[in-house]
$ cat coords.cif   # mmCIF, C-alpha atoms and all ligand atoms
data_work
#
loop_
_atom_site.label_atom_id
_atom_site.label_comp_id
_atom_site.auth_asym_id
_atom_site.auth_seq_id
_atom_site.Cartn_x
_atom_site.Cartn_y
_atom_site.Cartn_z
CA MET A 1 114.83 67.18 102.44
CA HIS A 2 111.02 67.25 102.83
CA LYS A 3 109.42 64.10 101.38
CA ASP A 4 107.19 66.10 98.98
CA LEU A 5 110.15 67.72 97.21
CA LYS A 6 112.00 66.38 94.22
CA LYS A 7 115.00 68.69 94.63
CA ILE A 8 116.44 71.56 96.61
CA LEU A 9 117.19 74.55 94.41
CA ILE A 10 118.78 76.84 97.00
CA ASP A 11 120.00 75.48 100.33
CA GLU A 12 119.71 77.20 103.70
CA LYS A 13 123.35 78.24 103.93
CA SER A 14 123.28 79.91 100.51
CA ILE A 15 120.13 81.84 101.44
CA ILE A 16 121.64 83.07 104.71
CA ASN A 17 124.89 84.08 102.98
CA ARG A 18 122.98 85.97 100.31
CA CYS A 19 120.84 87.76 102.92
CA LEU A 20 124.05 88.88 104.61
CA GLU A 21 125.36 90.28 101.30
CA LEU A 22 122.08 92.03 100.49
CA GLY A 23 121.83 93.46 104.01
CA GLN A 24 125.33 94.89 103.75
CA GLN A 25 124.62 96.32 100.30
CA ILE A 26 121.42 98.01 101.49
CA THR A 27 123.25 99.37 104.55
CA ASP A 28 125.92 100.83 102.27
CA ASP A 29 123.40 102.35 99.86
CA TYR A 30 121.37 104.10 102.59
CA LYS A 31 123.98 104.90 105.25
CA HIS A 32 124.33 108.56 104.22
CA ASP A 33 120.57 109.21 104.14
CA VAL A 34 119.22 111.33 106.98
CA GLU A 35 116.21 109.06 107.41
CA PRO A 36 116.57 105.30 107.18
CA PRO A 37 114.15 103.46 104.86
CA ILE A 38 110.92 101.74 105.84
CA PHE A 39 110.84 98.08 104.83
CA ILE A 40 107.40 97.12 103.55
CA ALA A 41 107.01 93.36 103.37
CA LEU A 42 104.26 91.70 101.36
CA LEU A 43 102.48 89.02 103.40
CA LYS A 44 102.86 86.16 103.79
CA GLY A 45 105.60 84.86 101.54
CA SER A 46 108.25 87.46 102.32
CA VAL A 47 108.23 86.99 106.12
CA PRO A 48 111.10 84.45 106.47
CA PHE A 49 113.20 86.45 103.98
CA LEU A 50 112.46 89.74 105.78
CA ALA A 51 113.41 88.20 109.13
CA GLU A 52 116.74 86.90 107.80
CA LEU A 53 117.57 90.01 105.76
CA VAL A 54 117.01 92.67 108.41
CA LYS A 55 119.50 91.02 110.79
CA TYR A 56 122.21 92.30 108.46
CA VAL A 57 120.84 95.79 107.84
CA ASN A 58 122.79 98.11 110.08
CA LEU A 59 120.39 101.10 109.94
CA ASP A 60 117.52 102.25 112.18
CA ILE A 61 114.87 100.94 109.81
CA GLU A 62 111.15 100.51 110.45
CA LEU A 63 108.99 97.61 109.30
CA ASP A 64 105.47 97.57 107.95
CA PHE A 65 103.34 94.99 106.15
CA MET A 66 100.83 94.83 103.32
CA ASP A 67 98.74 91.94 102.14
CA VAL A 68 97.42 92.05 98.60
CA SER A 69 95.69 89.56 96.35
CA SER A 70 95.07 89.41 92.63
CA TYR A 71 91.70 90.80 91.73
CA ALA A 72 89.71 88.15 89.90
CA GLY A 73 87.79 90.49 87.60
CA GLY A 74 89.11 92.27 84.55
CA THR A 75 91.19 91.04 81.69
CA GLU A 76 94.84 90.10 81.94
CA SER A 77 96.00 93.57 80.95
CA THR A 78 93.70 95.46 83.29
CA ARG A 79 94.09 93.03 86.18
CA ASP A 80 94.46 94.91 89.42
CA ILE A 81 95.10 93.94 93.00
CA ARG A 82 92.99 94.14 96.11
CA ILE A 83 94.44 95.35 99.41
CA LEU A 84 93.67 92.82 102.17
CA LYS A 85 95.82 94.55 104.78
CA ASP A 86 97.02 98.11 104.38
CA LEU A 87 99.98 99.87 105.97
CA ASP A 88 99.76 100.95 109.61
CA ARG A 89 101.43 104.31 109.04
CA SER A 90 101.77 107.17 106.59
CA ILE A 91 104.68 106.87 104.17
CA LYS A 92 104.41 110.37 102.72
CA GLY A 93 107.87 111.62 101.85
CA LYS A 94 109.52 108.40 103.07
CA ASN A 95 112.02 106.10 101.42
CA ILE A 96 110.58 102.63 101.02
CA ILE A 97 112.09 99.23 100.35
CA ILE A 98 109.49 96.71 99.20
CA VAL A 99 110.34 93.19 100.34
CA GLU A 100 109.06 90.39 98.09
CA ASP A 101 109.49 86.62 98.07
CA ILE A 102 109.52 86.27 94.28
CA VAL A 103 108.97 88.44 91.23
CA ASP A 104 107.30 86.38 88.53
CA THR A 105 105.13 88.23 85.96
CA GLY A 106 105.90 91.46 87.82
CA ARG A 107 102.23 92.44 88.02
CA THR A 108 101.99 92.36 91.82
CA LEU A 109 105.07 94.49 92.18
CA LEU A 110 103.93 97.00 89.58
CA ALA A 111 100.54 97.39 91.29
CA VAL A 112 102.05 97.70 94.78
CA THR A 113 104.57 100.25 93.53
CA LYS A 114 101.74 102.36 92.11
CA ILE A 115 99.83 102.18 95.42
CA LEU A 116 102.90 103.29 97.37
CA GLU A 117 103.58 106.12 94.90
CA ASN A 118 99.99 107.28 95.36
CA LYS A 119 100.53 107.28 99.11
CA GLY A 120 103.35 109.77 98.54
CA ALA A 121 106.48 107.63 99.03
CA SER A 122 109.47 109.66 97.89
CA GLY A 123 111.72 106.80 96.82
CA ILE A 124 110.85 103.17 96.24
CA LYS A 125 113.31 100.30 95.88
CA VAL A 126 112.64 96.59 95.73
CA VAL A 127 114.40 93.63 97.28
CA SER A 128 113.27 90.13 96.31
CA LEU A 129 114.60 86.78 97.45
CA LEU A 130 113.89 85.24 94.05
CA ASP A 131 113.47 86.48 90.51
CA LYS A 132 112.09 84.55 87.54
CA PRO A 133 112.98 86.99 84.72
CA VAL A 134 111.81 84.72 81.88
CA ARG A 135 108.23 84.98 83.18
CA ARG A 136 108.06 88.78 83.15
CA GLU A 137 104.97 90.34 81.55
CA VAL A 138 105.44 93.96 82.67
CA THR A 139 108.54 96.05 83.20
CA VAL A 140 109.53 96.39 86.84
CA GLU A 141 112.88 97.17 88.39
CA VAL A 142 114.12 94.83 91.10
CA ASP A 143 117.00 96.67 92.77
CA TYR A 144 118.26 93.83 94.95
CA VAL A 145 117.82 90.21 93.86
CA GLY A 146 118.72 87.23 96.02
CA PHE A 147 118.73 84.59 93.30
CA GLU A 148 117.59 84.37 89.70
CA ILE A 149 115.83 81.07 89.15
CA PRO A 150 114.54 79.22 86.07
CA ASN A 151 110.88 78.86 85.20
CA GLU A 152 109.94 76.32 87.88
CA PHE A 153 107.31 76.56 90.60
CA VAL A 154 109.19 76.68 93.88
CA VAL A 155 108.24 76.36 97.55
CA GLY A 156 109.98 76.99 100.85
CA PHE A 157 111.53 79.92 102.72
CA GLY A 158 108.13 81.66 102.68
CA LEU A 159 106.81 80.35 99.38
CA ASP A 160 103.78 78.09 99.59
CA TYR A 161 101.74 75.59 97.69
CA ALA A 162 98.16 75.69 99.07
CA GLU A 163 99.55 77.47 102.18
CA LYS A 164 102.03 74.67 102.95
CA TYR A 165 105.85 74.52 102.91
CA ARG A 166 106.39 78.19 103.92
CA ASN A 167 108.44 77.03 106.93
CA LEU A 168 111.03 75.03 104.98
CA PRO A 169 114.47 76.58 105.52
CA TYR A 170 115.41 76.15 101.83
CA VAL A 171 113.84 76.68 98.39
CA GLY A 172 112.89 73.57 96.44
CA VAL A 173 110.71 72.07 93.75
CA LEU A 174 107.70 69.87 94.55
CA LYS A 175 107.31 66.40 93.11
CA ASP A 176 105.14 66.51 89.95
CA GLU A 177 102.47 64.18 91.36
CA LEU A 178 101.62 66.75 94.08
CA TYR A 179 100.18 69.29 91.65
P1 LIG B 201 103.69 88.12 90.02
O1 LIG B 201 102.65 89.17 90.28
O2 LIG B 201 105.09 88.67 89.89
O3 LIG B 201 103.33 87.26 88.84
O4 LIG B 201 103.62 87.10 91.19
C1 LIG B 201 104.12 87.31 92.42
C2 LIG B 201 103.51 86.32 93.39
O5 LIG B 201 103.14 85.06 92.77
C3 LIG B 201 104.54 85.95 94.42
O6 LIG B 201 104.54 86.89 95.47
C4 LIG B 201 104.10 84.57 94.82
O7 LIG B 201 103.12 84.64 95.82
C5 LIG B 201 103.49 83.97 93.57
N1 LIG B 201 104.46 83.11 92.86
C6 LIG B 201 105.06 83.35 91.68
N2 LIG B 201 105.91 82.35 91.35
C7 LIG B 201 105.84 81.47 92.36
C8 LIG B 201 106.51 80.20 92.62
O8 LIG B 201 107.35 79.68 91.87
N3 LIG B 201 106.18 79.58 93.78
C9 LIG B 201 105.27 80.08 94.67
N4 LIG B 201 105.06 79.37 95.78
N5 LIG B 201 104.64 81.26 94.46
C10 LIG B 201 104.92 81.93 93.31
#
$ encode --input "coords.cif" --output "structure tokens"
Amino acid sequence: MHKDLKKILIDEKSIINRCLELGQQITDDYKHDVEPPIFIALLKGSVPFLAELVKYVNLDIELDFMDVSSYAGGTESTRDIRILKDLDRSIKGKNIIIVEDIVDTGRTLLAVTKILENKGASGIKVVSLLDKPVRREVTVEVDYVGFEIPNEFVVGFGLDYAEKYRNLPYVGVLKDELY
């Protein structure tokens, strides 16, 4: 275990096993569709999860990436997001699967979903490695969840603290003195 962590919440083997299950489930759900879905991963946190997950998706999917950040202005309820990197291709009429590292308040996901709807996506589903349902502030549907976790700030497997720890192969909790 990394010296800065106080505990591992989800070990590497459990993450890989869960990615296998999710990949098979997505394959099953989309196998009769004429066009396979486009996976849209939100940078940077979802990259390790995306890479593990798509190994087990047995469909001719395409990948694209978006990078968004919370917009500082506005009040909590009107808070919007800024697009730092937009999609490379049109998604008009396409089925999309948004790939997230974690759904916390749900605000990022809600805003991204609206953007993709405005771009003309025909169907949007969401897969997230982690879900913290007790923190939810807006209603969003997460179709495929890797693991529900309690209200703790986690790092690893893509998730960072000040841009560090994204490369850890497990999800854990930092020691208190590091915050
Ligand atoms: P939301 O908009 O759902 O509140 O937040 C989603 C984003 O907040 C995630 O994509 C992630 O970047 C960040 N986030 C939320 N909870 C955690 C956490 O426990 N650890 C880390 N490293 N990031 C988090």
$ closest_residue --input "coords.cif" --among "A:Lys119, A:Lys55, A:Arg107, A:Lys6" --to "ligand LIG 201 (chain B)" --atoms "all atoms listed in the file"
A:Arg107
$ atom_distance --input "coords.cif" --atom1 "atom C5 of ligand LIG 201 (chain B)" --atom2 "CA of Pro37 (chain A)"
24.9 Å
$ closest_atom_pairs --input "coords.cif" --of "chain A" --to "ligand LIG 201 (chain B)" --cutoff "7 Å" --atoms "all atoms listed in the file" --output "CSV"
residue,atom,partner,partner_atom,distance
A:Gly45,CA,B:LIG201,O7,6.2
A:Glu100,CA,B:LIG201,O6,6.3
A:Asp101,CA,B:LIG201,O6,5.6
A:Ile102,CA,B:LIG201,C3,5.0
A:Val103,CA,B:LIG201,O2,4.1
A:Asp104,CA,B:LIG201,O2,3.5
A:Thr105,CA,B:LIG201,O3,3.5
A:Gly106,CA,B:LIG201,O2,3.6
A:Arg107,CA,B:LIG201,O1,4.0
A:Thr108,CA,B:LIG201,O1,3.6
A:Leu109,CA,B:LIG201,O1,6.1
A:Glu152,CA,B:LIG201,O8,5.8
A:Phe153,CA,B:LIG201,O8,3.4
A:Val154,CA,B:LIG201,O8,4.1
A:Val155,CA,B:LIG201,N4,4.7
A:Leu159,CA,B:LIG201,N4,4.1
A:Asp160,CA,B:LIG201,N4,4.2
A:Tyr161,CA,B:LIG201,N4,5.4
$ residues_around --input "coords.cif" --residues "Val57 (chain A)" --least-positions-apart "3" --cutoff "6 Å" --atoms "only C-alpha atoms" --output "list in words"
Gly23, Thr27 and Val54 of chain A
$ atom_distance --input "coords.cif" --atom1 "CA of Ser69 (chain A)" --atom2 "CA of Val138 (chain A)"
17.4 Å
$ residues_around --input "coords.cif" --residues "region 110-116 of chain A" --least-positions-apart "3" --cutoff "10 Å" --atoms "only C-alpha atoms" --output "PyMOL selection string"
chain A and resi 40+42+66-68+70+79-83+87+91-92+96+98+105-107+119-126+138-141
$ closest_residue --input "coords.cif" --among "A:Ser46, A:Asn167, A:Asn95, A:Asn151" --to "Glu12 (chain A)" --atoms "all atoms listed in the file"
A:Asn167
$ atom_distance --input "coords.cif" --atom1 "CA of Leu22 (chain A)" --atom2 "CA of Lys7 (chain A)"
25.1 Å
$ axis_aligned_box --input "coords.cif" --around "region 119-130 of chain A" --padding-each-side "4 Å" --output "AutoDock Vina command-line options"
--center_x 107.6 --center_y 97.5 --center_z 96.6 --size_x 22.1 --size_y 32.5 --size_z 13.1
$ closest_residue --input "coords.cif" --among "A:Val99, A:Lys31, A:Gly93, A:Val47" --to "Asn118 (chain A)" --atoms "only C-alpha atoms"
A:Gly93
$ residues_around --input "coords.cif" --residues "Glu148 (chain A)" --least-positions-apart "4" --cutoff "6 Å" --atoms "all atoms listed in the file" --output "count of residues only"
3
$ closest_residue --input "coords.cif" --among "A:Phe39, A:Phe65, A:Tyr30, A:Tyr165" --to "Asp4 (chain A)" --atoms "all atoms listed in the file"
A:Tyr165
$ closest_residue --input "coords.cif" --among "A:Glu21, A:Val34, A:Ile97, A:Leu5" --to "Tyr179 (chain A)" --atoms "all atoms listed in the file"
A:Leu5
$ closest_residue --input "coords.cif" --among "A:Ile38, A:Leu20, A:Ile15, A:Leu59" --to "Asp88 (chain A)" --atoms "all atoms listed in the file"
A:Ile38
$ residues_near_point --input "coords.cif" --point "(119.9, 74.7, 95.6)" --cutoff "8 Å" --atoms "only C-alpha atoms" --output "list in words"
Lys7, Ile8, Leu9, Ile10, Asp11, Ser14, Tyr170, Val171 and Gly172 of chain A
$ write_last_selection --input "coords.cif" --atoms "C-alpha atoms" --output "compact mmCIF listing (two decimals), in the frame of the given file"
# COMPACT_ATOMS: atom_id res chain seq x y z
CA LYS A 7 115.00 68.69 94.63
CA ILE A 8 116.44 71.56 96.61
CA LEU A 9 117.19 74.55 94.41
CA ILE A 10 118.78 76.84 97.00
CA ASP A 11 120.00 75.48 100.33
CA SER A 14 123.28 79.91 100.51
CA TYR A 170 115.41 76.15 101.83
CA VAL A 171 113.84 76.68 98.39
CA GLY A 172 112.89 73.57 96.44
